[in-house]
Amino acid sequence: MAFLDPNKVLKELNLKKDLVAADFGCGSGGWVLPLAQILKDGKVYAIDILEEPLSALRSKMKTFKISNIEPTKADVEKSSKLFDNSCNLVLITNLLFEVDNISNVLEEAKRVLKDKGQLLIVDWQHGSSLGPEKKISVDNIKQAAEKIGFQFKKEFKAGIYHWGLIIVK
């Protein structure tokens, strides 16, 4: 099993190529780029709070000639700047350990997801030697998501040090 392979994890979702997705806390595109290649006829909103990684992402988009990504600077704890019910999929990967209010981020994901839209969450496992000191347990995320109306679909091992969770609006 690899450290964390976005392509392998994204296969857990069985995606159609014309979907609209958002990556909350996209960084410089580690998940956005492989997702955009899967969603050839769709669109990916790449959202990050910092301009620097978005700038790096724009450079990668030019290098790889990818045009279906829309980099957006926003704080997903407040607003992603996306329309209600506009996405089929939201990714939240290696982000929740960094935020102050997990419920706000989950509520924002729910707001932008269409009915039956999927939310993929990947984060660091408790007890792993790598990663941040503060790790979020998958059970806590399941409880928080169910409390706001998400339905549990699937839990899986996303890599040596990560768990994955798919929940549905």
# chains A, B, ... in the order shown; residues from 1 in each chain; ligands from 1
>>> select_by_dssp(residues="region 24-63 of chain A", states="strand (DSSP E)", output="list in words")
Phe24, Lys43, Val44, Tyr45, Ala46, Ile47 and Asp48 of chain A
>>> closest_atom_pairs(of="region 59-154 of chain A", to="region 27-39 of chain A", cutoff="8 Å", atoms="only C-alpha atoms", output="JSON lines")
{"residue": "A:Met61", "atom": "CA", "partner": "A:Leu33", "partner_atom": "CA", "distance": 7.8}
{"residue": "A:Ile66", "atom": "CA", "partner": "A:Ala36", "partner_atom": "CA", "distance": 7.5}
{"residue": "A:Asn68", "atom": "CA", "partner": "A:Ala36", "partner_atom": "CA", "distance": 6.4}
{"residue": "A:Ile69", "atom": "CA", "partner": "A:Ala36", "partner_atom": "CA", "distance": 6.6}
>>> closest_residue(among="A:Asp75, A:Glu155, A:Asp41, A:Glu133", to="Leu119 (chain A)", atoms="only C-alpha atoms")
A:Glu155
>>> residues_around(residues="Val168 (chain A)", least_positions_apart="6", cutoff="12 Å", atoms="only C-alpha atoms", output="list in words")
Leu13, Asn88, Leu89, Val90, Leu106, Ala109, Lys110, Leu113, Lys114, Asp115, Lys116, Gly117, Gln118, Leu119, Leu120, Ile121, Lys142, Ala145, Glu146, Ile148, Gly149, Phe150, Gln151, Phe152, Lys153 and Lys154 of chain A
>>> residues_around(residues="Gly164 (chain A)", least_positions_apart="5", cutoff="7 Å", atoms="only C-alpha atoms", output="PyMOL selection string")
chain A and resi 121-123+155-158
>>> write_last_selection(atoms="N, CA and C atoms", output="PDB file, in the first residue's frame")
ATOM      1  N   ILE A 121     -13.673  12.351   2.365  1.00  0.00           N
ATOM      2  CA  ILE A 121     -12.783  12.910   3.381  1.00  0.00           C
ATOM      3  C   ILE A 121     -11.631  11.938   3.576  1.00  0.00           C
ATOM      4  N   VAL A 122     -10.423  12.455   3.510  1.00  0.00           N
ATOM      5  CA  VAL A 122      -9.220  11.664   3.778  1.00  0.00           C
ATOM      6  C   VAL A 122      -8.403  12.443   4.799  1.00  0.00           C
ATOM      7  N   ASP A 123      -7.985  11.755   5.849  1.00  0.00           N
ATOM      8  CA  ASP A 123      -7.164  12.438   6.848  1.00  0.00           C
ATOM      9  C   ASP A 123      -6.256  11.438   7.545  1.00  0.00           C
ATOM     10  N   GLU A 155     -16.191   3.397   4.469  1.00  0.00           N
ATOM     11  CA  GLU A 155     -14.926   3.749   5.123  1.00  0.00           C
ATOM     12  C   GLU A 155     -13.866   2.815   4.557  1.00  0.00           C
ATOM     13  N   PHE A 156     -12.669   3.342   4.314  1.00  0.00           N
ATOM     14  CA  PHE A 156     -11.603   2.509   3.749  1.00  0.00           C
ATOM     15  C   PHE A 156     -10.231   3.041   4.161  1.00  0.00           C
ATOM     16  N   LYS A 157      -9.233   2.210   3.995  1.00  0.00           N
ATOM     17  CA  LYS A 157      -7.850   2.597   4.269  1.00  0.00           C
ATOM     18  C   LYS A 157      -7.333   3.321   3.024  1.00  0.00           C
ATOM     19  N   ALA A 158      -6.977   4.581   3.168  1.00  0.00           N
ATOM     20  CA  ALA A 158      -6.593   5.397   2.009  1.00  0.00           C
ATOM     21  C   ALA A 158      -5.094   5.352   1.724  1.00  0.00           C
TER      22      ALA A 158
END
>>> closest_residue(among="A:Ile102, A:Ile166, A:Leu91, A:Ala144", to="Phe24 (chain A)", atoms="only C-alpha atoms")
A:Leu91
>>> closest_residue(among="A:Phe97, A:Trp163, A:Tyr45, A:Phe3", to="Glu70 (chain A)", atoms="only C-alpha atoms")
A:Tyr45
>>> residues_around(residues="Val112 (chain A)", least_positions_apart="3", cutoff="6 Å", atoms="only C-alpha atoms", output="list in words")
Asp84, Asn85, Ser86, Cys87 and Ala109 of chain A
>>> atom_distance(atom1="CA of His126 (chain A)", atom2="CA of Thr93 (chain A)")
15.3 Å
>>> select_by_dssp(residues="region 15-126 of chain A", states="helix (DSSP H, G or I)", output="NGL selection string")
:A and (32-38 or 51-63 or 102-112)
>>> residues_around(residues="Asn101 (chain A)", least_positions_apart="5", cutoff="10 Å", atoms="only C-alpha atoms", output="PyMOL selection string")
chain A and resi 77-78+96+106
>>> residues_around(residues="Cys26 (chain A)", least_positions_apart="5", cutoff="6 Å", atoms="only C-alpha atoms", output="list in words")
Ala46, Ile47 and Asp48 of chain A
>>> write_last_selection(atoms="C-alpha atoms", output="PDB file, in the first residue's frame")
ATOM      1  CA  ALA A  46      -9.884  24.282  -6.443  1.00  0.00           C
ATOM      2  CA  ILE A  47     -10.373  26.222  -3.217  1.00  0.00           C
ATOM      3  CA  ASP A  48      -7.648  27.289  -0.827  1.00  0.00           C
TER       4      ASP A  48
END
